[in-house]
>>> print(open('coords_12.txt').read())   # compact mmCIF, C-alpha atoms
# COMPACT_ATOMS: atom_id res chain seq x y z
CA MET A 10 11.70 4.19 8.42
CA PHE A 11 11.58 7.38 6.42
CA PRO A 12 7.96 8.22 5.58
CA THR A 13 8.66 11.79 4.46
CA LEU A 14 11.53 13.62 2.80
CA GLN A 15 12.04 17.30 3.51
CA LEU A 16 13.36 19.20 0.48
CA GLY A 17 13.33 22.86 1.46
CA PRO A 18 9.70 23.90 1.84
CA LEU A 19 8.49 20.68 0.22
CA ASN A 20 7.52 17.70 2.30
CA ILE A 21 7.51 14.67 -0.01
CA GLN A 22 5.87 11.36 0.84
CA THR A 23 8.73 8.93 0.33
CA PRO A 24 6.70 5.74 -0.37
CA GLY A 25 4.91 7.41 -3.28
CA LEU A 26 8.15 8.86 -4.62
CA LEU A 27 9.84 5.44 -4.55
CA ILE A 28 6.99 3.84 -6.48
CA LEU A 29 7.13 6.65 -9.03
CA ILE A 30 10.90 6.14 -9.50
CA SER A 31 10.46 2.37 -9.89
CA PHE A 32 7.71 3.01 -12.46
CA TRP A 33 10.01 5.24 -14.50
CA VAL A 34 12.91 2.74 -14.31
CA GLY A 35 10.58 -0.16 -15.17
CA LEU A 36 9.12 1.62 -18.16
CA THR A 37 12.64 2.30 -19.46
CA LEU A 38 13.53 -1.39 -19.06
CA SER A 39 10.34 -2.43 -20.84
CA GLU A 40 11.10 -0.01 -23.66
CA ARG A 41 14.55 -1.62 -24.11
CA TYR A 42 12.98 -5.07 -24.12
CA SER A 43 10.50 -3.94 -26.76
CA ALA A 44 13.26 -2.55 -28.97
CA ARG A 45 15.27 -5.79 -28.68
CA HIS A 46 12.32 -8.07 -29.43
CA GLY A 47 10.53 -6.05 -32.12
CA TYR A 48 7.55 -5.01 -29.99
CA PRO A 49 6.14 -1.56 -30.94
CA GLY A 50 7.50 0.75 -28.23
CA ASP A 51 5.08 3.62 -28.95
CA LYS A 52 2.10 1.30 -28.48
CA LEU A 53 3.62 0.08 -25.20
CA TYR A 54 3.83 3.64 -23.87
CA ASN A 55 0.28 4.41 -25.00
CA LEU A 56 -1.00 1.22 -23.39
CA VAL A 57 0.69 2.02 -20.09
CA PHE A 58 -0.43 5.65 -19.88
CA ILE A 59 -3.98 4.98 -21.05
CA SER A 60 -4.27 2.20 -18.44
CA LEU A 61 -2.80 4.47 -15.76
CA ALA A 62 -5.21 7.30 -16.55
CA ALA A 63 -8.18 4.93 -16.70
CA GLY A 64 -7.05 3.35 -13.44
CA ILE A 65 -6.93 6.66 -11.60
CA VAL A 66 -10.31 7.81 -12.96
CA GLY A 67 -11.84 4.40 -12.24
CA ALA A 68 -10.40 4.35 -8.73
CA ARG A 69 -11.88 7.78 -7.94
CA LEU A 70 -15.31 6.97 -9.44
CA SER A 71 -15.42 3.63 -7.65
CA PHE A 72 -14.58 5.29 -4.33
CA ALA A 73 -17.19 7.99 -4.90
CA LEU A 74 -19.88 5.42 -5.71
CA GLY A 75 -19.13 3.63 -2.46
CA ASN A 76 -19.16 6.85 -0.44
CA LEU A 77 -21.81 9.00 -2.11
CA SER A 78 -22.74 10.89 1.04
CA ALA A 79 -19.15 12.08 1.44
CA PHE A 80 -19.30 13.82 -1.94
CA SER A 81 -22.92 14.91 -2.10
CA GLY A 82 -22.36 18.05 -0.04
CA ASN A 83 -19.36 19.15 -2.08
CA PRO A 84 -19.04 17.35 -5.47
CA ILE A 85 -15.93 19.37 -6.30
CA ASN A 86 -14.11 16.91 -4.00
CA LEU A 87 -14.32 14.46 -6.93
CA PHE A 88 -11.31 16.32 -8.30
CA SER A 89 -9.39 16.37 -5.02
CA LEU A 90 -5.72 15.37 -5.17
CA ASN A 91 -6.00 13.30 -1.98
CA PRO A 92 -4.82 9.75 -2.81
CA GLY A 93 -6.96 8.49 0.08
CA LEU A 94 -10.02 8.99 -2.13
CA LEU A 95 -9.06 6.15 -4.49
CA ASP A 96 -10.45 2.62 -4.46
CA SER A 97 -7.67 0.22 -5.48
CA PHE A 98 -9.93 -2.59 -6.73
CA GLY A 99 -11.91 -0.18 -8.89
CA GLY A 100 -8.67 1.30 -10.19
CA ILE A 101 -7.15 -2.06 -11.12
CA ALA A 102 -10.36 -3.19 -12.83
CA SER A 103 -10.56 0.05 -14.85
CA ALA A 104 -6.90 -0.13 -15.82
CA CYS A 105 -7.24 -3.74 -16.99
CA LEU A 106 -10.40 -2.95 -18.94
CA ALA A 107 -8.75 0.02 -20.66
CA ALA A 108 -5.71 -2.12 -21.49
CA VAL A 109 -7.88 -4.84 -23.01
CA ILE A 110 -9.86 -2.33 -25.09
CA TYR A 111 -6.73 -0.54 -26.32
CA GLY A 112 -4.89 -3.80 -26.97
CA HIS A 113 -7.83 -5.22 -28.90
CA GLY A 114 -8.18 -2.03 -30.93
CA LYS A 115 -4.48 -1.97 -31.83
CA ARG A 116 -4.40 -5.76 -32.39
CA LEU A 117 -1.68 -6.25 -29.79
CA VAL A 118 -0.78 -9.89 -29.10
CA LEU A 119 -1.55 -10.65 -25.44
CA TRP A 120 1.47 -12.80 -24.57
CA ASP A 121 3.91 -10.48 -26.40
CA THR A 122 2.42 -7.50 -24.56
CA LEU A 123 2.64 -9.18 -21.17
CA ASP A 124 6.26 -10.14 -21.87
CA ALA A 125 7.05 -6.54 -22.85
CA LEU A 126 5.46 -5.27 -19.61
CA THR A 127 7.23 -7.80 -17.37
CA PRO A 128 10.37 -5.65 -16.71
CA LEU A 129 8.00 -2.85 -15.62
CA PHE A 130 6.12 -5.20 -13.27
CA ALA A 131 9.40 -6.52 -11.83
CA ALA A 132 10.73 -3.01 -11.21
CA LEU A 133 7.43 -1.98 -9.58
CA MET A 134 7.71 -4.90 -7.16
CA VAL A 135 11.13 -3.57 -6.08
CA GLY A 136 9.63 -0.09 -5.66
CA ILE A 137 6.72 -1.40 -3.59
CA SER A 138 9.11 -3.39 -1.37
CA VAL A 139 11.31 -0.36 -0.69
CA SER A 140 8.20 1.79 -0.08
CA HIS A 141 7.17 -0.70 2.62
CA LEU A 142 10.48 -0.09 4.36
CA ALA A 143 9.95 3.66 4.07
CA SER A 144 6.44 3.58 5.50
CA GLY A 145 6.92 0.82 8.09
CA ASN A 146 4.08 -1.16 6.50
CA ALA A 147 4.25 -4.91 5.83
CA TYR A 148 6.20 -5.25 9.11
CA GLY A 149 7.46 -8.59 10.33
CA SER A 150 6.20 -10.96 13.02
CA ILE A 151 7.90 -11.03 16.40
CA THR A 152 11.16 -13.00 16.52
CA THR A 153 14.19 -13.69 18.72
CA LEU A 154 16.53 -14.23 15.76
CA PRO A 155 19.75 -12.18 15.85
CA TRP A 156 18.89 -10.33 12.62
CA GLY A 157 15.54 -9.15 13.95
CA ILE A 158 14.92 -5.39 13.95
CA GLU A 159 13.21 -3.21 16.56
CA LEU A 160 10.03 -1.95 14.98
CA TRP A 161 6.61 -1.07 16.35
CA GLY A 162 7.36 -2.04 19.92
CA ALA A 163 8.95 -5.44 19.36
CA ARG A 164 11.86 -7.31 17.81
CA ARG A 165 10.61 -8.39 14.40
CA HIS A 166 11.60 -10.20 11.24
CA PRO A 167 12.92 -7.60 8.77
CA SER A 168 10.22 -8.69 6.31
CA GLN A 169 10.60 -5.51 4.25
CA ILE A 170 14.29 -6.41 3.73
CA TYR A 171 13.30 -9.96 2.76
CA GLU A 172 10.92 -8.42 0.19
CA ILE A 173 13.57 -6.10 -1.20
CA ILE A 174 16.11 -8.91 -1.59
CA ALA A 175 13.58 -11.24 -3.23
CA SER A 176 12.19 -8.61 -5.60
CA CYS A 177 15.69 -7.49 -6.64
CA LEU A 178 16.69 -11.10 -7.34
CA THR A 179 13.51 -11.51 -9.39
CA LEU A 180 14.35 -8.40 -11.39
CA VAL A 181 17.84 -9.74 -12.10
CA ILE A 182 16.38 -13.09 -13.25
CA ILE A 183 13.87 -11.33 -15.49
CA LEU A 184 16.52 -9.08 -17.06
CA ARG A 185 18.73 -12.10 -17.76
CA GLU A 186 15.85 -14.08 -19.23
CA SER A 187 14.72 -11.13 -21.35
CA SER A 188 18.09 -10.83 -23.05
CA HIS A 189 17.37 -13.86 -25.27
CA ASP A 190 14.38 -15.05 -27.26
CA SER A 191 11.96 -17.39 -25.53
CA ILE A 192 8.48 -18.79 -25.90
CA ARG A 193 5.85 -16.06 -26.09
CA GLY A 194 4.38 -15.47 -22.68
CA SER A 195 7.06 -17.47 -20.85
CA LEU A 196 8.87 -14.39 -19.49
CA PHE A 197 5.67 -13.07 -17.93
CA LEU A 198 4.69 -16.46 -16.50
CA LYS A 199 8.20 -17.02 -15.09
CA PHE A 200 7.90 -13.63 -13.37
CA ILE A 201 4.51 -14.60 -11.90
CA ILE A 202 5.82 -17.98 -10.73
CA VAL A 203 8.99 -16.61 -9.10
CA THR A 204 7.13 -13.66 -7.52
CA SER A 205 4.33 -15.86 -6.18
CA ILE A 206 6.88 -18.20 -4.58
CA TRP A 207 8.65 -15.47 -2.65
CA LEU A 208 5.40 -13.70 -1.74
CA ILE A 209 4.16 -16.97 -0.18
CA LEU A 210 7.47 -17.33 1.67
CA VAL A 211 7.73 -13.74 2.95
CA GLU A 212 4.06 -13.53 3.94
CA GLY A 213 4.79 -16.26 6.49
CA TYR A 214 7.11 -13.85 8.30
CA LYS A 215 4.74 -10.87 8.38
CA GLY A 216 3.06 -9.45 11.43
CA ASP A 217 0.19 -7.73 9.64
CA SER A 218 -1.12 -10.64 7.57
CA LEU A 219 -4.80 -10.80 6.79
CA MET A 220 -5.99 -13.78 8.82
CA ILE A 221 -8.71 -16.15 7.71
CA ALA A 222 -9.99 -19.29 9.44
CA SER A 223 -7.70 -21.40 11.64
CA GLY A 224 -4.77 -18.97 11.51
CA PHE A 225 -4.22 -19.25 7.77
CA ARG A 226 -2.88 -16.12 6.08
CA GLY A 227 -5.34 -15.03 3.39
CA TYR A 228 -2.76 -13.60 0.98
CA GLN A 229 -0.74 -16.83 1.03
CA ILE A 230 -3.80 -18.73 -0.18
CA GLY A 231 -4.34 -16.14 -2.91
CA PHE A 232 -0.69 -16.27 -4.04
CA PHE A 233 -0.82 -20.08 -4.04
CA ILE A 234 -3.81 -20.03 -6.39
CA VAL A 235 -1.99 -17.57 -8.69
CA LEU A 236 1.13 -19.79 -8.58
CA THR A 237 -0.87 -22.89 -9.51
CA VAL A 238 -2.57 -21.16 -12.43
CA ALA A 239 0.74 -19.70 -13.68
CA ILE A 240 2.43 -23.12 -13.54
CA PHE A 241 -0.48 -24.69 -15.42
CA LEU A 242 -0.38 -22.02 -18.13
CA TYR A 243 3.41 -22.22 -18.44
CA ASN A 244 3.26 -25.99 -18.92
CA LYS A 245 0.57 -25.54 -21.52
CA LEU A 246 2.61 -22.92 -23.39
CA VAL A 247 5.69 -25.14 -23.46
CA ALA A 248 3.65 -28.20 -24.47
CA ASN A 249 1.98 -26.30 -27.33
CA THR A 250 5.37 -25.07 -28.55
CA ASN A 251 6.83 -28.60 -28.43
CA THR A 252 3.78 -29.96 -30.29
CA HIS A 253 4.24 -27.24 -32.92
CA ILE A 254 7.93 -28.12 -33.31
CA THR A 255 7.16 -31.87 -33.44
CA GLY A 256 4.44 -31.20 -36.00
CA ASN A 257 6.87 -29.20 -38.13
CA ASN A 258 9.34 -32.05 -37.90
CA MET B 4 19.91 -32.17 -26.44
CA ARG B 5 17.29 -33.62 -24.09
CA ASN B 6 14.06 -34.79 -25.67
CA PRO B 7 10.86 -32.86 -24.92
CA GLU B 8 9.38 -35.78 -22.95
CA SER B 9 12.22 -35.87 -20.40
CA ASN B 10 12.06 -32.07 -20.18
CA ARG B 11 8.33 -32.32 -19.52
CA ILE B 12 8.86 -34.86 -16.74
CA SER B 13 11.62 -32.73 -15.18
CA ARG B 14 9.34 -29.70 -15.27
CA LEU B 15 6.46 -31.60 -13.69
CA ILE B 16 8.71 -32.86 -10.89
CA LEU B 17 10.07 -29.35 -10.28
CA PHE B 18 6.67 -27.68 -10.27
CA GLY B 19 5.18 -30.45 -8.17
CA ALA B 20 7.93 -29.92 -5.61
CA ILE B 21 7.35 -26.14 -5.64
CA LEU B 22 3.61 -26.51 -5.05
CA THR B 23 4.09 -29.12 -2.33
CA LEU B 24 6.71 -27.07 -0.48
CA SER B 25 4.50 -23.97 -0.78
CA LEU B 26 1.59 -25.84 0.78
CA VAL B 27 3.83 -27.14 3.57
CA TRP B 28 5.08 -23.59 4.27
CA ILE B 29 1.52 -22.24 4.31
CA LEU B 30 0.65 -24.87 6.94
CA ILE B 31 3.81 -24.27 9.00
CA SER B 32 3.50 -20.48 8.97
CA ARG B 33 -0.08 -20.40 10.26
CA VAL B 34 -0.51 -18.07 13.19
CA PRO B 35 -1.09 -20.15 16.34
CA ALA B 36 -4.20 -19.37 18.38
CA GLY B 37 -3.56 -16.97 21.26
CA SER B 38 -0.35 -15.51 19.89
CA ALA B 39 0.46 -11.86 20.66
CA SER B 40 -1.41 -9.49 18.39
CA THR B 41 -0.83 -5.87 17.58
CA LEU B 42 -3.89 -4.99 19.68
CA SER B 43 -1.80 -5.52 22.83
CA ILE B 44 0.93 -3.08 21.73
CA ALA B 45 0.57 0.71 21.75
CA GLU B 46 2.42 2.12 18.73
CA PRO B 47 1.72 5.04 16.37
CA HIS B 48 1.02 2.81 13.36
CA GLN B 49 -2.04 1.48 11.59
CA GLY B 50 -3.48 -1.58 13.31
CA PHE B 51 -1.95 -0.82 16.72
CA VAL B 52 -3.53 0.62 19.86
CA SER B 53 -2.97 4.39 19.93
CA PRO B 54 -0.40 5.47 22.56
CA ASP B 55 -2.22 7.01 25.53
CA PHE B 56 -1.59 10.53 26.67
CA SER B 57 -3.01 13.33 28.85
CA LEU B 58 -2.77 16.93 27.67
CA PRO B 59 -4.18 20.25 28.82
CA THR B 60 -6.56 22.18 26.59
CA LEU B 61 -6.46 25.88 25.90
CA THR B 62 -9.24 26.35 28.46
CA GLY B 63 -7.28 24.56 31.19
CA ASP B 64 -9.13 21.22 31.14
CA LYS B 65 -7.25 17.96 30.82
CA ILE B 66 -8.08 15.32 28.20
CA THR B 67 -6.88 11.71 28.44
CA LEU B 68 -7.14 9.69 25.24
CA SER B 69 -7.92 6.34 26.90
CA GLU B 70 -10.94 7.88 28.64
CA LEU B 71 -12.49 8.45 25.22
CA ASN B 72 -12.67 4.72 24.39
CA GLY B 73 -15.93 3.76 22.76
CA ARG B 74 -15.90 6.83 20.54
CA PRO B 75 -14.05 7.37 17.25
CA VAL B 76 -11.37 10.06 17.39
CA ILE B 77 -9.67 12.26 14.79
CA LEU B 78 -6.28 13.14 16.30
CA ASN B 79 -4.70 15.95 14.32
CA PHE B 80 -1.21 17.39 14.88
CA TRP B 81 -0.91 20.96 13.60
CA ALA B 82 0.65 24.39 13.99
CA THR B 83 -0.49 27.89 13.07
CA TRP B 84 2.53 28.45 10.79
CA CYS B 85 1.69 25.36 8.70
CA PRO B 86 -0.33 26.34 5.54
CA PRO B 87 -1.96 22.92 4.86
CA CYS B 88 -2.91 22.73 8.58
CA ARG B 89 -4.74 26.04 8.23
CA ALA B 90 -6.34 24.94 4.95
CA GLU B 91 -7.93 21.81 6.37
CA MET B 92 -9.25 23.28 9.65
CA PRO B 93 -12.55 24.57 8.18
CA ALA B 94 -13.34 21.08 6.87
CA MET B 95 -12.47 19.57 10.26
CA GLN B 96 -14.75 22.08 11.98
CA ARG B 97 -17.64 21.15 9.64
CA ILE B 98 -17.05 17.44 10.27
CA PHE B 99 -17.02 18.02 14.04
CA ARG B 100 -20.21 20.05 13.84
CA ASP B 101 -22.00 17.42 11.71
CA TYR B 102 -20.91 14.28 13.58
CA ARG B 103 -20.31 15.29 17.23
CA ASP B 104 -23.84 14.23 18.19
CA GLN B 105 -23.06 10.77 16.82
CA GLY B 106 -20.07 10.49 19.15
CA LEU B 107 -17.18 11.82 17.05
CA ILE B 108 -14.31 13.46 18.91
CA VAL B 109 -11.80 15.77 17.23
CA LEU B 110 -8.57 16.53 19.09
CA ALA B 111 -6.19 19.08 17.57
CA VAL B 112 -2.76 18.80 19.20
CA ASN B 113 -0.66 21.91 18.86
CA SER B 114 3.08 21.56 19.45
CA ILE B 115 3.09 24.78 21.42
CA ASN B 116 6.86 24.59 21.88
CA GLN B 117 7.03 25.41 18.13
CA ASP B 118 4.13 27.87 18.17
CA SER B 119 2.73 30.61 20.43
CA LEU B 120 -0.37 30.79 22.61
CA ILE B 121 -1.30 34.14 21.10
CA SER B 122 -1.14 32.79 17.54
CA VAL B 123 -3.16 29.74 18.56
CA GLY B 124 -5.82 31.92 20.21
CA GLU B 125 -6.08 34.16 17.17
CA PHE B 126 -6.23 31.14 14.89
CA ILE B 127 -9.12 29.58 16.84
CA GLU B 128 -11.04 32.83 16.69
CA GLU B 129 -10.38 33.31 12.98
CA TYR B 130 -11.60 29.83 12.08
CA ASP B 131 -14.29 29.66 14.80
CA LEU B 132 -13.11 26.25 16.00
CA SER B 133 -15.15 24.51 18.69
CA PHE B 134 -13.29 21.19 19.12
CA PRO B 135 -10.63 20.80 21.85
CA ILE B 136 -7.20 22.27 21.14
CA LEU B 137 -4.59 20.36 23.15
CA LEU B 138 -1.25 21.92 24.06
CA ASP B 139 1.75 19.62 23.75
CA ASN B 140 4.11 21.79 25.77
CA GLN B 141 7.24 19.67 25.61
CA GLY B 142 6.48 17.95 22.32
CA VAL B 143 6.26 14.65 24.24
CA VAL B 144 3.08 13.47 22.53
CA ALA B 145 4.42 14.48 19.11
CA ASP B 146 7.50 12.36 19.86
CA ALA B 147 5.34 9.44 21.02
CA TYR B 148 3.42 9.61 17.76
CA GLN B 149 6.65 10.04 15.74
CA ILE B 150 5.41 13.20 14.05
CA GLY B 151 7.85 14.07 11.28
CA SER B 152 5.74 16.57 9.38
CA LEU B 153 2.64 18.68 9.82
CA PRO B 154 -0.22 18.14 9.53
CA THR B 155 -0.43 14.48 10.51
CA THR B 156 -3.82 12.97 11.29
CA PHE B 157 -4.70 9.71 13.01
CA PHE B 158 -8.13 8.10 12.61
CA ILE B 159 -8.76 6.09 15.79
CA ASP B 160 -11.72 3.75 16.16
CA GLY B 161 -13.93 3.21 19.19
CA LYS B 162 -11.58 0.51 20.54
CA GLY B 163 -8.62 2.89 20.48
CA VAL B 164 -7.01 1.24 17.44
CA ILE B 165 -5.38 3.43 14.80
CA ARG B 166 -7.17 2.70 11.54
CA GLU B 167 -5.41 5.13 9.26
CA ILE B 168 -2.68 7.76 9.30
CA VAL B 169 -2.70 10.67 6.86
CA ILE B 170 0.63 12.46 6.59
CA GLY B 171 0.43 15.89 5.01
CA GLY B 172 -2.55 17.84 3.83
CA PRO B 173 -4.83 19.52 3.38
CA MET B 174 -7.29 16.67 3.75
CA SER B 175 -10.43 17.09 1.70
CA GLU B 176 -13.81 17.12 3.38
CA ALA B 177 -14.80 14.02 1.38
CA LEU B 178 -11.85 12.11 2.82
CA LEU B 179 -12.78 13.10 6.36
CA ARG B 180 -16.45 12.27 5.87
CA SER B 181 -15.81 8.88 4.27
CA ARG B 182 -13.45 7.81 7.07
CA ILE B 183 -15.68 9.06 9.88
CA GLU B 184 -18.81 7.51 8.43
CA ASN B 185 -17.02 4.15 8.29
CA LEU B 186 -15.82 4.47 11.90
CA LEU B 187 -19.20 5.62 13.18
CA GLY B 188 -20.91 2.82 11.28
CA GLU B 189 -18.67 0.25 13.00
CA SER B 190 -19.26 1.64 16.46
CA LYS B 191 -23.07 1.41 16.13
>>> encode(input="coords_12.txt", output="structure tokens")
Amino acid sequence: MFPTLQLGPLNIQTPGLLILISFWVGLTLSERYSARHGYPGDKLYNLVFISLAAGIVGARLSFALGNLSAFSGNPINLFSLNPGLLDSFGGIASACLAAVIYGHGKRLVLWDTLDALTPLFAALMVGISVSHLASGNAYGSITTLPWGIELWGARRHPSQIYEIIASCLTLVIILRESSHDSIRGSLFLKFIIVTSIWLILVEGYKGDSLMIASGFRGYQIGFFIVLTVAIFLYNKLVANTNTHITGNN
Amino acid sequence: MRNPESNRISRLILFGAILTLSLVWILISRVPAGSASTLSIAEPHQGFVSPDFSLPTLTGDKITLSELNGRPVILNFWATWCPPCRAEMPAMQRIFRDYRDQGLIVLAVNSINQDSLISVGEFIEEYDLSFPILLDNQGVVADAYQIGSLPTTFFIDGKGVIREIVIGGPMSEALLRSRIENLLGESK
């Protein structure tokens, strides 16, 4: 675990730094994909940064609305740099809304855009996995296996390592797939399918899972639903493409 | 080249197998009833019981964390030479003043082996602090809580479980208020 990094007088929060680095790497990879496949790179950058800005503003406003009394005495706190004053659901919703509005305004094709963003998403998953190792979050369940690690008072599955391996493999698959032309939307859906599979697998080894009834892990159910939808959409995409080809023939 | 129909069937078989195996794994990896939970382990991490300790205050009293169960606690590690520690103390004092009657406890642990009693005394006077200042003479409690940088703040609920850790600062008053109001709301 390495939650902070001391650089002279600066004390940097390592998890945040790792996510920032993965964001920068992912954006570079997405830019290369865009150049190779004729997607407008400038619009990709604008989409990403507008969504990011909207996400941060939305996350802060959403948090403030849910905690009005905390801000009423000192509204200047609305502009505080504390990341703990952000609501993630509000942020994601705002970012998605901004992306839809911008994409609609610039007439961006949804599947092409999602494909162009897939290398960024894949790189971010690697960054998030490594940040878990840095912070000690997403720790594993107790185990007696020889590769267990001592963490938080017990011998545990190295679930953060499992995540890192799986996310890196996913990134490699995505980069290989992105090097040739494929059905619009298929790169993104392949990423969702592969990621959902390993998230379901790794969640079963975690010690901090969100439990729902009868010992079921809530996130596994959520990932399974996402996996099912992604598989359905992928099949539909391929079927429509085959129908188009058959029709042309 | 395979025809689209045989490709479709292969895909359906593959995806069917993936979904079935995923469902089987979800069933297998359920947490059995009565298995060890984090609430039985004392570790300085979110979701775990906070490690217990006893420390003397500046006035000579002794405070034991486990004796405060039932009340939410802000446990703050600080030093007088730490600028963000100094910056967030006024907000912590206002929070303590506003919520102490509702049961909030603020404990400010000073690693006195890295500081000086005189500096601490002057600091308390300068900022007019009224919550307990605990003296961690050997740095034992800081080690137990794996303090790597200052300030570090632990939000502990009424059951003694660490709900959040904030590394670095200064924390804004809005952050403190929002966390404390949630903890106090739960303990009612």
>>> closest_residue(input="coords_12.txt", among="A:Arg41, A:His46, A:Lys199, A:Arg69", to="Asn86 (chain A)", atoms="all atoms listed in the file")
A:Arg69
>>> atom_distance(input="coords_12.txt", atom1="CA of His141 (chain A)", atom2="CA of Pro75 (chain B)")
27.0 Å
>>> closest_residue(input="coords_12.txt", among="B:Ile170, B:Ile115, B:Ile21, B:Ala82", to="Val203 (chain A)", atoms="all atoms listed in the file")
B:Ile21
>>> interface_residues(input="coords_12.txt", of="chain B", to="chain A", cutoff="7 Å", atoms="all atoms listed in the file", output="list in words")
Pro7, Ile29, Ser32, Arg33, Val34, Pro35, Ala36, Ile44, Glu46, Met174, Ser175, Ala177, Leu178, Arg180 and Ser181 of chain B
>>> write_last_selection(input="coords_12.txt", atoms="C-alpha atoms", output="PDB file, in the frame of the given file")
ATOM      1  CA  PRO B   7      10.860 -32.860 -24.920  1.00  0.00           C
ATOM      2  CA  ILE B  29       1.520 -22.240   4.310  1.00  0.00           C
ATOM      3  CA  SER B  32       3.500 -20.480   8.970  1.00  0.00           C
ATOM      4  CA  ARG B  33      -0.080 -20.400  10.260  1.00  0.00           C
ATOM      5  CA  VAL B  34      -0.510 -18.070  13.190  1.00  0.00           C
ATOM      6  CA  PRO B  35      -1.090 -20.150  16.340  1.00  0.00           C
ATOM      7  CA  ALA B  36      -4.200 -19.370  18.380  1.00  0.00           C
ATOM      8  CA  ILE B  44       0.930  -3.080  21.730  1.00  0.00           C
ATOM      9  CA  GLU B  46       2.420   2.120  18.730  1.00  0.00           C
ATOM     10  CA  MET B 174      -7.290  16.670   3.750  1.00  0.00           C
ATOM     11  CA  SER B 175     -10.430  17.090   1.700  1.00  0.00           C
ATOM     12  CA  ALA B 177     -14.800  14.020   1.380  1.00  0.00           C
ATOM     13  CA  LEU B 178     -11.850  12.110   2.820  1.00  0.00           C
ATOM     14  CA  ARG B 180     -16.450  12.270   5.870  1.00  0.00           C
ATOM     15  CA  SER B 181     -15.810   8.880   4.270  1.00  0.00           C
TER      16      SER B 181
END
>>> atom_distance(input="coords_12.txt", atom1="CA of Gly112 (chain A)", atom2="CA of Phe197 (chain A)")
16.7 Å
>>> atom_distance(input="coords_12.txt", atom1="CA of Leu26 (chain B)", atom2="CA of Ser191 (chain A)")
29.5 Å
